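A.B. asks: Hey, dropping my_file-v9.cif in here, mmCIF, C-alpha atoms:
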```cif
data_coords
#
loop_
_atom_site.label_atom_id
_atom_site.label_comp_id
_atom_site.auth_asym_id
_atom_site.auth_seq_id
_atom_site.Cartn_x
_atom_site.Cartn_y
_atom_site.Cartn_z
CA ALA A 1 -1.26 25.75 -13.84
CA GLN A 2 -3.76 23.16 -12.77
CA LYS A 3 -5.60 23.18 -9.46
CA ILE A 4 -7.99 20.78 -7.75
CA THR A 5 -10.24 21.91 -4.89
CA GLN A 6 -12.08 19.60 -2.51
CA THR A 7 -14.03 21.73 -0.06
CA GLN A 8 -15.34 18.96 2.22
CA PRO A 9 -12.67 17.88 4.74
CA GLY A 10 -15.04 15.28 6.19
CA MET A 11 -18.38 13.70 5.37
CA PHE A 12 -20.71 11.31 7.18
CA VAL A 13 -23.22 9.04 5.50
CA GLN A 14 -25.53 6.31 6.72
CA GLU A 15 -24.99 2.82 5.45
CA LYS A 16 -26.97 2.08 2.25
CA GLU A 17 -27.46 5.77 1.45
CA ALA A 18 -25.87 7.67 -1.43
CA VAL A 19 -23.23 10.36 -0.92
CA THR A 20 -21.69 13.01 -3.18
CA LEU A 21 -18.10 14.14 -2.76
CA ASP A 22 -17.35 17.50 -4.35
CA CYS A 23 -14.46 18.34 -6.64
CA THR A 24 -13.83 21.48 -8.67
CA TYR A 25 -10.88 22.03 -10.94
CA ASP A 26 -9.13 24.78 -12.77
CA THR A 27 -7.16 24.45 -15.98
CA SER A 28 -6.66 26.37 -19.19
CA ASP A 29 -5.97 23.20 -21.18
CA PRO A 30 -8.97 21.94 -23.19
CA SER A 31 -7.76 18.33 -22.96
CA TYR A 32 -7.48 16.72 -19.53
CA GLY A 33 -8.39 13.67 -17.50
CA LEU A 34 -10.11 13.59 -14.13
CA PHE A 35 -9.60 10.74 -11.66
CA TRP A 36 -10.91 9.69 -8.28
CA TYR A 37 -8.88 7.57 -5.87
CA LYS A 38 -9.74 5.96 -2.57
CA GLN A 39 -7.17 5.77 0.22
CA PRO A 40 -8.07 3.44 3.11
CA SER A 41 -6.18 3.58 6.39
CA SER A 42 -3.56 1.17 4.97
CA GLY A 43 -2.37 4.02 2.75
CA GLU A 44 -2.59 2.50 -0.71
CA MET A 45 -4.23 4.65 -3.39
CA ILE A 46 -6.96 2.71 -5.18
CA PHE A 47 -8.17 3.93 -8.57
CA LEU A 48 -11.96 4.27 -8.73
CA ILE A 49 -13.09 6.11 -11.84
CA TYR A 50 -11.91 8.22 -14.77
CA GLN A 51 -13.55 10.98 -16.85
CA GLY A 52 -12.03 12.52 -19.98
CA SER A 53 -12.67 16.14 -20.81
CA TYR A 54 -14.14 15.22 -24.18
CA ASP A 55 -16.32 12.39 -22.92
CA GLN A 56 -20.00 13.03 -23.62
CA GLN A 57 -21.31 10.64 -21.01
CA ASN A 58 -20.71 10.67 -17.28
CA ALA A 59 -18.44 7.83 -16.22
CA THR A 60 -19.79 4.97 -14.12
CA GLU A 61 -18.03 2.04 -12.43
CA GLY A 62 -20.27 -0.16 -10.35
CA ARG A 63 -21.48 1.89 -7.36
CA TYR A 64 -19.33 4.86 -8.39
CA SER A 65 -20.41 7.52 -10.84
CA LEU A 66 -18.89 10.82 -11.77
CA ASN A 67 -21.14 13.86 -12.15
CA PHE A 68 -19.15 15.82 -14.73
CA GLN A 69 -20.25 19.40 -15.36
CA LYS A 70 -17.67 20.85 -17.71
CA ALA A 71 -18.99 24.40 -17.81
CA ARG A 72 -18.90 24.59 -14.04
CA LYS A 73 -15.55 22.77 -13.91
CA SER A 74 -16.82 20.25 -11.43
CA ALA A 75 -16.34 16.47 -11.24
CA ASN A 76 -18.24 15.20 -8.22
CA LEU A 77 -18.04 11.56 -7.17
CA VAL A 78 -21.31 9.85 -6.30
CA ILE A 79 -21.20 6.65 -4.26
CA SER A 80 -24.50 4.79 -4.20
CA ALA A 81 -25.60 2.35 -1.51
CA SER A 82 -22.72 3.17 0.86
CA GLN A 83 -21.03 0.32 2.67
CA LEU A 84 -18.94 0.31 5.84
CA GLY A 85 -15.90 -0.55 3.71
CA ASP A 86 -16.29 2.74 1.87
CA SER A 87 -14.95 4.60 4.90
CA ALA A 88 -11.68 6.13 3.67
CA MET A 89 -10.05 9.26 2.27
CA TYR A 90 -11.12 10.15 -1.26
CA PHE A 91 -8.95 12.19 -3.59
CA CYS A 92 -9.86 13.93 -6.81
CA ALA A 93 -6.99 14.35 -9.29
CA MET A 94 -6.40 15.83 -12.71
CA ARG A 95 -3.96 14.97 -15.44
CA GLY A 96 -3.13 17.51 -18.10
CA PRO A 97 -0.15 18.46 -20.20
CA GLU A 98 2.16 18.18 -17.22
CA ARG A 99 1.57 14.39 -17.40
CA ALA A 100 1.69 13.74 -13.68
CA LEU A 101 -1.38 14.01 -11.46
CA THR A 102 -2.41 17.10 -9.53
CA PHE A 103 -4.30 16.08 -6.38
CA GLY A 104 -6.84 17.81 -4.17
CA SER A 105 -6.53 17.79 -0.39
CA GLY A 106 -9.03 14.96 0.00
CA THR A 107 -12.33 14.23 1.77
CA ARG A 108 -12.58 11.80 4.67
CA LEU A 109 -15.77 9.76 4.35
CA GLN A 110 -17.17 7.90 7.32
CA VAL A 111 -20.00 5.44 6.78
CA GLN A 112 -22.14 4.90 9.85
CA PRO A 113 -24.13 1.71 10.52
CA ASP B 1 -0.18 -11.21 -10.30
CA GLY B 2 0.70 -7.91 -11.91
CA GLY B 3 1.26 -4.95 -9.70
CA ILE B 4 3.57 -2.48 -8.05
CA THR B 5 5.69 -3.34 -5.06
CA GLN B 6 7.44 -0.93 -2.73
CA SER B 7 9.96 -1.76 -0.06
CA PRO B 8 10.44 -1.40 2.76
CA LYS B 9 7.01 -0.68 4.19
CA TYR B 10 8.53 1.28 7.10
CA LEU B 11 11.91 2.97 7.09
CA PHE B 12 13.74 4.83 9.81
CA ARG B 13 16.57 7.17 9.04
CA LYS B 14 19.02 9.05 11.18
CA GLU B 15 19.77 12.67 10.42
CA GLY B 16 22.44 13.03 7.74
CA GLN B 17 21.88 9.62 6.16
CA ASN B 18 20.84 8.88 2.61
CA VAL B 19 18.20 6.19 2.16
CA THR B 20 16.82 4.50 -0.96
CA LEU B 21 13.21 3.48 -1.44
CA SER B 22 12.51 0.68 -3.86
CA CYS B 23 9.72 0.60 -6.46
CA GLU B 24 9.21 -2.29 -8.88
CA GLN B 25 6.38 -2.93 -11.35
CA ASN B 26 5.58 -5.92 -13.56
CA LEU B 27 2.75 -4.24 -15.48
CA ASN B 28 4.99 -3.47 -18.47
CA HIS B 29 4.25 0.22 -17.95
CA ASP B 30 6.48 2.81 -19.55
CA ALA B 31 5.89 5.65 -17.08
CA MET B 32 6.67 5.71 -13.38
CA TYR B 33 6.21 8.36 -10.69
CA TRP B 34 7.15 9.20 -7.12
CA TYR B 35 4.80 11.16 -4.87
CA ARG B 36 5.09 12.40 -1.32
CA GLN B 37 2.14 12.65 1.07
CA ASP B 38 2.22 14.59 4.32
CA PRO B 39 -0.41 14.03 7.04
CA GLY B 40 -3.85 15.33 6.07
CA GLN B 41 -2.73 16.41 2.63
CA GLY B 42 -2.88 15.27 -0.95
CA LEU B 43 0.01 13.90 -2.96
CA ARG B 44 2.79 16.01 -4.42
CA LEU B 45 5.00 14.94 -7.31
CA ILE B 46 8.71 14.42 -6.66
CA TYR B 47 9.99 12.89 -9.91
CA TYR B 48 8.62 11.08 -12.92
CA SER B 49 10.01 9.02 -15.77
CA GLN B 50 8.38 8.40 -19.13
CA ILE B 51 11.04 6.02 -20.49
CA VAL B 52 14.18 4.23 -19.39
CA ASN B 53 17.19 6.46 -18.74
CA ASP B 54 15.07 9.59 -18.70
CA PHE B 55 13.33 11.40 -15.84
CA GLN B 56 12.03 14.86 -14.95
CA LYS B 57 11.74 16.82 -11.74
CA GLY B 58 8.36 17.35 -10.21
CA ASP B 59 7.18 20.08 -7.88
CA ILE B 60 9.31 19.10 -4.86
CA ALA B 61 12.45 17.44 -6.27
CA GLU B 62 14.97 19.21 -4.05
CA GLY B 63 16.76 16.76 -1.76
CA TYR B 64 15.74 13.71 -3.80
CA SER B 65 17.33 11.74 -6.63
CA VAL B 66 16.14 8.92 -8.90
CA SER B 67 17.39 6.55 -11.57
CA ARG B 68 15.63 4.58 -14.28
CA GLU B 69 18.05 1.97 -15.57
CA LYS B 70 15.36 -0.67 -16.10
CA LYS B 71 11.77 -0.37 -17.23
CA GLU B 72 10.56 -2.25 -14.15
CA SER B 73 12.42 -0.26 -11.51
CA PHE B 74 12.40 3.36 -10.34
CA PRO B 75 14.25 3.75 -7.01
CA LEU B 76 14.09 6.99 -5.05
CA THR B 77 16.96 8.22 -2.88
CA VAL B 78 16.19 10.62 -0.08
CA THR B 79 19.39 12.53 0.55
CA SER B 80 20.60 14.36 3.62
CA ALA B 81 19.83 17.59 1.77
CA GLN B 82 16.09 16.95 2.17
CA LYS B 83 15.21 19.11 5.18
CA ASN B 84 12.02 17.39 6.28
CA PRO B 85 11.87 13.89 4.81
CA THR B 86 9.43 12.32 7.28
CA ALA B 87 6.42 11.46 5.10
CA PHE B 88 4.55 8.72 3.25
CA TYR B 89 6.06 7.95 -0.17
CA LEU B 90 3.99 6.48 -2.97
CA CYS B 91 5.22 5.10 -6.26
CA ALA B 92 2.93 4.86 -9.28
CA SER B 93 3.07 3.68 -12.86
CA SER B 94 1.01 4.12 -16.01
CA LYS B 95 1.03 2.57 -19.44
CA GLY B 96 1.97 5.84 -21.06
CA GLY B 97 2.24 9.50 -20.29
CA GLY B 98 -1.01 10.59 -21.90
CA ARG B 99 -3.88 12.41 -20.23
CA THR B 100 -6.09 9.34 -20.32
CA ASP B 101 -3.55 6.93 -18.86
CA THR B 102 -4.54 5.81 -15.40
CA GLN B 103 -1.84 5.76 -12.74
CA TYR B 104 -1.76 2.76 -10.44
CA PHE B 105 -0.10 2.97 -7.06
CA GLY B 106 2.03 0.78 -4.86
CA PRO B 107 1.36 0.25 -1.14
CA GLY B 108 3.74 3.02 -0.06
CA THR B 109 6.75 3.45 2.22
CA ARG B 110 6.50 5.36 5.47
CA LEU B 111 9.77 7.15 6.20
CA THR B 112 10.57 8.52 9.64
CA VAL B 113 13.64 10.55 10.52
CA LEU B 114 14.87 9.92 14.04
#
```
Could you spell out this file's structure in structure tokens?

C.D. replies:
Amino acid sequence: AQKITQTQPGMFVQEKEAVTLDCTYDTSDPSYGLFWYKQPSSGEMIFLIYQGSYDQQNATEGRYSLNFQKARKSANLVISASQLGDSAMYFCAMRGPERALTFGSGTRLQVQP
Amino acid sequence: DGGITQSPKYLFRKEGQNVTLSCEQNLNHDAMYWYRQDPGQGLRLIYYSQIVNDFQKGDIAEGYSVSREKKESFPLTVTSAQKNPTAFYLCASSKGGGRTDTQYFGPGTRLTVL
């Protein structure tokens, strides 16, 4: 069975600073995908970034990067130069042989001016 | 514009009633999914469908039913057998069912039982 753990219920960051949101995972499958989603107060889940288990390089998408440490089974999201619009819930998710996504419990990020 | 639409945005149901939540996508995706989100929690899978006329139960399928008669549509019925249906329901789709296929989500339906 797959499991995603996000240990930070809430995080604060100053505008323009970088922030790291933690995610650890557990799976016995050697092939899997890791995803991060952003959920603003409107409720829609917005895809941010993807990392494959066999990818050699850490994924990057604009201000988002994924710090993938396979041996430690961690896939932390790094947001650089935080903006007020980054305030939202952030979910880490994994996709394995079960095909659907397994989600963590989320981290609420608040960006302060 | 391609995307996923869900309707209605808000839905109120009386005890003992069945209600159907709509999900439509024009992304030409083969796979579609229904998730449930309770306050302060992550998403849990209700049902998913990899192709037309085929679907599988997820982790919390009891009290729910689905159909997949068209590639574009994957409606979810919340039946009276669902003991605690008040929640936020999200529909998603992906090009395929592989591990690298990204799931994209609709705006969600908030269901409240009166």

A.B. asks: Spell out the residues picked by the PyMOL selection byres ((chain A and resi 96-107) around 8) here, as number ranges by chain.

C.D. replies: A: 2-11, 21, 29, 31-33, 89-95, 108-109; B: 33, 40-45, 48, 97-99

A.B. asks: I'd like to know which of A:Ala81, A:Ser87, A:Gln69, A:Asp55 is closest to Thr24 of chain A, using all atoms listed in the file.

C.D. replies: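 Using all atoms listed in the file, the shortest distance to Thr24 of chain A belongs to A:Gln69.
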
A.B. asks: Residues at most 12 Å from Gly96 of chain B, counting all atoms listed in the file, excluding those fewer than 3 positions away in the same chain, as a list in words?

C.D. replies: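 So, after excluding close chain neighbours, the residues are Arg99 and Ala100 of chain A; Leu27, Asn28, His29, Asp30, Ala31, Met32, Tyr33, Tyr48, Ser49, Gln50, Ile51, Ala92, Ser93, Arg99, Thr100, Asp101, Thr102, Gln103 and Tyr104 of chain B.
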
A.B. asks: Name the closest residue to Pro30 of chain A among the candidates A:Gly52, A:Gly43, A:Pro113, A:Gly85; distances are taken between atoms, counting all atoms listed in the file.

C.D. replies: A:Gly52

A.B. asks: Atom CA of Met45 of chain A to atom CA of Leu111 of chain B: how many Å, to one decimal?

C.D. replies: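 Separating atom CA of Met45 of chain A from atom CA of Leu111 of chain B is a distance of 17.2 Å.
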
A.B. asks: I'd like to see the residues matched by the PyMOL selection byres ((chain A and resi 84) around 12) on this file, and ideally I'd get them as a VMD selection string.

C.D. replies: chain A and resid 12 to 17 40 81 to 83 85 to 88 109 to 113

A.B. asks: Closest to chain B among A:Phe68, A:Tyr25, A:Phe47, A:Tyr54, using only C-alpha atoms?

C.D. replies: A:Phe47

A.B. asks: Between A:Ser53, A:Thr20, A:Thr60, A:Asn76, which one has atoms that come closest to chain B, using only C-alpha atoms?

C.D. replies: A:Ser53

A.B. asks: Mind pulling up the distance from atom CA of Lys38 of chain A to atom CA of Gly106 of chain B?

C.D. replies: 13.1 Å

A.B. asks: Taking (3.2, 9.2, -0.2) in the file's coordinates, which residues come within 8 Å, counting all atoms listed in the file, written as a PyMOL selection string?

C.D. replies: chain B and resi 34-38+43+87-91+108-110

A.B. asks: Saving segment 16-28 of chain B with all heavy atoms, as a tab-separated table (two decimals), in the first residue's frame, what would that file be?

C.D. replies:
```
chain	number	residue	atom	x	y	z
B	16	GLY	N	-32.22	10.85	2.61
B	16	GLY	CA	-33.00	9.85	1.88
B	16	GLY	C	-33.09	10.08	0.39
B	16	GLY	O	-33.63	9.25	-0.34
B	17	GLN	N	-32.54	11.19	-0.10
B	17	GLN	CA	-32.59	11.47	-1.53
B	17	GLN	C	-31.31	11.03	-2.21
B	17	GLN	O	-30.23	11.09	-1.62
B	17	GLN	CB	-32.74	12.98	-1.76
B	17	GLN	CG	-34.13	13.53	-1.58
B	17	GLN	CD	-34.18	15.01	-1.92
B	17	GLN	OE1	-33.18	15.71	-1.85
B	17	GLN	NE2	-35.37	15.50	-2.26
B	18	ASN	N	-31.45	10.61	-3.47
B	18	ASN	CA	-30.28	10.40	-4.32
B	18	ASN	C	-30.01	11.69	-5.08
B	18	ASN	O	-30.96	12.38	-5.48
B	18	ASN	CB	-30.53	9.28	-5.33
B	18	ASN	CG	-30.65	7.92	-4.69
B	18	ASN	OD1	-30.45	7.76	-3.49
B	18	ASN	ND2	-30.99	6.93	-5.48
B	19	VAL	N	-28.75	12.02	-5.29
B	19	VAL	CA	-28.40	13.17	-6.10
B	19	VAL	C	-27.28	12.77	-7.06
B	19	VAL	O	-26.46	11.91	-6.73
B	19	VAL	CB	-27.95	14.39	-5.27
B	19	VAL	CG1	-29.11	14.97	-4.51
B	19	VAL	CG2	-26.81	14.03	-4.35
B	20	THR	N	-27.24	13.43	-8.22
B	20	THR	CA	-26.21	13.14	-9.21
B	20	THR	C	-25.38	14.37	-9.47
B	20	THR	O	-25.91	15.45	-9.74
B	20	THR	CB	-26.84	12.64	-10.52
B	20	THR	OG1	-27.54	11.42	-10.27
B	20	THR	CG2	-25.78	12.39	-11.58
B	21	LEU	N	-24.06	14.17	-9.40
B	21	LEU	CA	-23.09	15.23	-9.67
B	21	LEU	C	-22.55	15.02	-11.07
B	21	LEU	O	-22.15	13.92	-11.45
B	21	LEU	CB	-21.94	15.17	-8.66
B	21	LEU	CG	-22.19	15.72	-7.26
B	21	LEU	CD1	-23.33	15.01	-6.55
B	21	LEU	CD2	-20.91	15.62	-6.43
B	22	SER	N	-22.49	16.12	-11.82
B	22	SER	CA	-22.05	16.03	-13.21
B	22	SER	C	-20.56	16.34	-13.33
B	22	SER	O	-20.02	17.19	-12.63
B	22	SER	CB	-22.84	17.03	-14.06
B	22	SER	OG	-22.29	17.15	-15.36
B	23	CYS	N	-19.89	15.61	-14.25
B	23	CYS	CA	-18.50	15.89	-14.59
B	23	CYS	C	-18.33	15.68	-16.08
B	23	CYS	O	-18.62	14.59	-16.60
B	23	CYS	CB	-17.56	14.97	-13.82
B	23	CYS	SG	-15.82	15.22	-14.27
B	24	GLU	N	-17.86	16.70	-16.76
B	24	GLU	CA	-17.64	16.65	-18.21
B	24	GLU	C	-16.25	17.17	-18.52
B	24	GLU	O	-15.79	18.14	-17.92
B	24	GLU	CB	-18.65	17.53	-18.95
B	24	GLU	CG	-20.11	17.22	-18.65
B	24	GLU	CD	-20.66	16.11	-19.52
B	24	GLU	OE1	-20.12	15.90	-20.63
B	24	GLU	OE2	-21.63	15.46	-19.10
B	25	GLN	N	-15.56	16.50	-19.47
B	25	GLN	CA	-14.24	16.98	-19.89
B	25	GLN	C	-14.14	16.99	-21.41
B	25	GLN	O	-14.70	16.11	-22.08
B	25	GLN	CB	-13.12	16.13	-19.27
B	25	GLN	CG	-13.21	14.62	-19.53
B	25	GLN	CD	-12.39	14.10	-20.69
B	25	GLN	OE1	-11.67	14.86	-21.35
B	25	GLN	NE2	-12.50	12.80	-20.95
B	26	ASN	N	-13.46	17.99	-21.94
B	26	ASN	CA	-13.24	18.07	-23.40
B	26	ASN	C	-11.76	18.02	-23.72
B	26	ASN	O	-11.30	18.63	-24.70
B	26	ASN	CB	-13.91	19.33	-23.96
B	26	ASN	CG	-13.34	20.60	-23.37
B	26	ASN	OD1	-12.42	20.57	-22.56
B	26	ASN	ND2	-13.87	21.73	-23.78
B	27	LEU	N	-11.01	17.31	-22.89
B	27	LEU	CA	-9.56	17.17	-23.06
B	27	LEU	C	-9.20	15.91	-23.85
B	27	LEU	O	-8.02	15.63	-24.05
B	27	LEU	CB	-8.89	17.12	-21.68
B	27	LEU	CG	-9.11	18.36	-20.80
B	27	LEU	CD1	-8.65	18.10	-19.37
B	27	LEU	CD2	-8.36	19.55	-21.40
B	28	ASN	N	-10.21	15.14	-24.23
B	28	ASN	CA	-10.01	13.87	-24.93
B	28	ASN	C	-9.21	12.88	-24.07
B	28	ASN	O	-8.44	12.06	-24.57
B	28	ASN	CB	-9.30	14.07	-26.28
B	28	ASN	CG	-9.49	12.86	-27.18
B	28	ASN	OD1	-10.51	12.17	-27.13
B	28	ASN	ND2	-8.50	12.59	-28.02
```
